[in-house]
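Participant: Here you go, one structure.
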Amino acid sequence: MRRRFRASAVAACVTAVALIPAAPSWAEETTPPAINVATLSPSAPTGQNNWYRGSVTLNMSATDDVGIAKFQYSLNGGAAYIDVPVEGAPASATASAVITQEGNTSVRYRAVDTSGNVAAFRSISVRIDTRAPAASYPAITDGHVGHVATLIPTRTDPAPGSGGVAVLNMYLDGKLVPPLPVQTSDLSLGVHTLAVQLSDAASNSAKYTQTFIVTTSFADVGTLIGRFVTAGSVPAEVGAALQAKLDEAKALADAGSAKQASQVLNKFVSIANGQIRPGSARSTLVGDARHLIDQLKGRLAPEPVTGLESEPAEGPKFIPDPVLAPLPHNPDADYNVLVFSRTTGFRHDHIPHTVAAIQKLGIANNFNVDVYDPQLSTVTLPTSPFLSLDTLKKYDTIVFESNVGHPGPLDPITEQPTFEAYMNQGGGYVGIHGAADSFELRTWPWYGNLVGGFFTSHPNGQNGFGQCGSCIHAEVVTEDNSHPATAHLPAKWMTVDELYNFDRNMRADVHTLLSLNEDSYQLSLNSGNAATNPLRLMNGDHPIAWCQNWGGGKAFSNILGHFRTQYYDDSFMRIILGGIETTADRTRANCSSYRETSLLIEADRAAGLLTADAADAADAALAIARDSYLATNYTTAIPALNSIVALANHKASGDAAARSELARQARALREWMQNLNR
């Protein structure tokens, strides 16, 4: 009985379960779609610094068991989503959406299946900026500005923009000038134009040309008198006399006596012409006073049209990284060059471009180029050539290309001594840009003396330059045009680059070839608030490229070269070629230095090759020549160097070979000074 009852109960349960209807498919499906990583079209940004300069297509894809009903994307952090329907509810679906929202937008996207399941969102950054920056001049009112104003363009990038607005070019009255504040006191009275070409980080660019009139007033003239007295261009007593006449004329003008005021201003002109030496101070004060006279008499000419005009301009071009491969070894090449660009610190993005440019020089000038840089896997030598002196000696010169690292990319035990031995045996060294930002004074002072000095800092720049956010304009001065690296350069030229400061002024130690005119960028419009807060640089003396004979070998340093565009400029690459050819001992160059000669004298003294009296006399004459050089008194340096040559020609001064070498170095220094004097 008990068994039958239990069996009947089980049967009843089975029957009951069978009577429950099956659940619908939509109730069973709870799995959200699998959303894939989206892509953008075009895949490469159309502007600089990963910005697009137009609309971007967001390409989405997903899969799902029951089918994709739609995609959704959000431009406001998920507060609202925009539907992108999918036809036919496929298990694998794609969809696209055009994004036009400007600014740096984190776009969220997801998929929804036919059961209403929503995928967890993914996100992708879309940076769009289509609008060029704008310029204005607050100091100019109704097209007029006084004679003691400072013109600094206000640069704005329409929000939400890419920012980083840079002044690519600046023109004063049609002439290209460094982007600096313009002092109206440096301008003549009358009409002028000031144009700036601006670019933002996305490379949207426009040119703005402001036409304006420089005028003057009694107050402006008074301010000018004070400035000229402070500067020493107007004697204090003359300034006081001029100010007295100016005050008298103003009082008469305010009282309505224009004729009498003009007569007093004529006396002002007589004092200025008679008691101020010819120059800008006198011409400015005389010109302003005569302008006031014409104004009082109603004789000013009709004014031209003024205003601010804009026009589209082309921003910086994007330069992609080159594809590098080793150069085939040419058995008939004239010599061999090693490029060393391994880094253990900051890595400059110009390195592949430098390597490609030097390879191009090698092909054109018949020298082989090897590269050691494990971070350039397609072109590097497999093992370090610095591990063997015999290996290094295969190279006539070595280019240290922005080999940044602290304490440095050469091992102090196994590699640094090998390189020192290579130089001691007559090797060549070419240092480019970040070569000065490698190793440390406390661990390898020899290298600091070889490169010329260690990097300490550089001014900041603006991303509007494209691929050089730390670049600014500077005027470069060609100090010695007798070197093959600089013979093609004009006396002064403009560059845009990252401009290093150093731990020392190396002028007394090296043979300076190029220097920076700090006045051309100390107030740069492109470096933060430098326009009103001057940059801290090298106190007005700023070598930037030099050569020297050091450690038994030949050394050349060009600390320009951060901006990758430099390596596509033939003039810049001729500087590098000159450094390579001279340090490889294929072309002669005068790289004499006062440090080299000083070290020679002391070594000969210690070895007994020069008598103590001769060494003392040579040291004293060399100090006079060096100090004269540093003071740019080259004519004074030449006789002092002549006295060293004469001393070396006396047999009583010491060993014949030592005297001959001392005379040779003194003559090289004299040749250098004579060239500078010309």
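Residue names in the structure tokens use chain letters A, B, ... in the order shown, residue numbers from 1 in each chain, and ligand numbers from 1 in the order shown.
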As a list in words, please: the residues near Asn365 of chain A (cut-off 9 Å, only C-alpha atoms, same-chain neighbours under 4 positions excluded).
Facilitator: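 Non-adjacent residues within range: Ala333, Asp334, Lys360, Leu361 and Leu577 of chain A.
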Participant: So that each row is one residue of segment 581-661 of chain A with an atom at most 8 Å from segment 484-491 of chain A, can you give its shortest atom pair and the distance in Å to one decimal, using only C-alpha atoms, rows by chain and rising number, as a tab-separated table?
Facilitator:
```
residue	atom	partner	partner_atom	distance
A:Thr582	CA	A:Pro484	CA	7.7
A:Thr587	CA	A:Pro484	CA	7.7
A:Ala589	CA	A:Pro484	CA	6.9
```
Participant: Go ahead and write the selection's residues with N, CA, C and O atoms as a PDB file, in the first residue's frame.
Facilitator:
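As a result, selection_34.pdb now contains:
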```
ATOM      1  N   THR A 582      84.654  67.267 -41.034  1.00  0.00           N
ATOM      2  CA  THR A 582      85.832  67.797 -40.345  1.00  0.00           C
ATOM      3  C   THR A 582      86.287  66.892 -39.212  1.00  0.00           C
ATOM      4  O   THR A 582      87.493  66.708 -39.013  1.00  0.00           O
ATOM      5  N   THR A 587      88.064  67.097 -44.194  1.00  0.00           N
ATOM      6  CA  THR A 587      88.090  68.509 -44.573  1.00  0.00           C
ATOM      7  C   THR A 587      88.729  69.298 -43.438  1.00  0.00           C
ATOM      8  O   THR A 587      88.415  69.069 -42.267  1.00  0.00           O
ATOM      9  N   ALA A 589      89.502  72.266 -40.843  1.00  0.00           N
ATOM     10  CA  ALA A 589      88.764  73.315 -40.133  1.00  0.00           C
ATOM     11  C   ALA A 589      89.631  73.839 -39.005  1.00  0.00           C
ATOM     12  O   ALA A 589      90.345  73.072 -38.351  1.00  0.00           O
TER      13      ALA A 589
END
```
Participant: Fewer than 5 positions away in the same chain doesn't count, so skip those; otherwise give me all residues within 8 Å of Leu308 of chain A, counting only C-alpha atoms, as an NGL selection string.
Facilitator: :A and (136 or 208-211)
Participant: Generate a file of the selected residues that holds C-alpha atoms, formatted as a PDB file, in the first residue's frame.
Facilitator:
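Generated file (result.pdb):
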```pdb
ATOM      1  CA  SER A 136      43.426  91.199 -31.460  1.00  0.00           C
ATOM      2  CA  TYR A 208      45.688  88.596 -39.053  1.00  0.00           C
ATOM      3  CA  THR A 209      46.927  91.944 -40.323  1.00  0.00           C
ATOM      4  CA  GLN A 210      46.376  95.028 -38.184  1.00  0.00           C
ATOM      5  CA  THR A 211      46.731  98.421 -39.844  1.00  0.00           C
TER       6      THR A 211
END
```
Participant: Extract the full set of strand (DSSP E or B) residues from segment 465-596 of chain A according to DSSP on the backbone, and format it as a ChimeraX atom specification.
Facilitator: /A:472-478,492-497,501-502,511-517,543-550,553-558
Participant: If you run DSSP over the backbone, which residues in segment 539-615 of chain A end up alpha helix (DSSP H)? Put them as a VMD selection string.
Facilitator: chain A and resid 570 to 583 594 to 607 612 to 615
Participant: How far is it from atom CA of Asn76 of chain A to atom CA of Ser203 of chain A, in Å with one decimal?
Facilitator: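 Computing it gives 25.6 Å between the two atoms.
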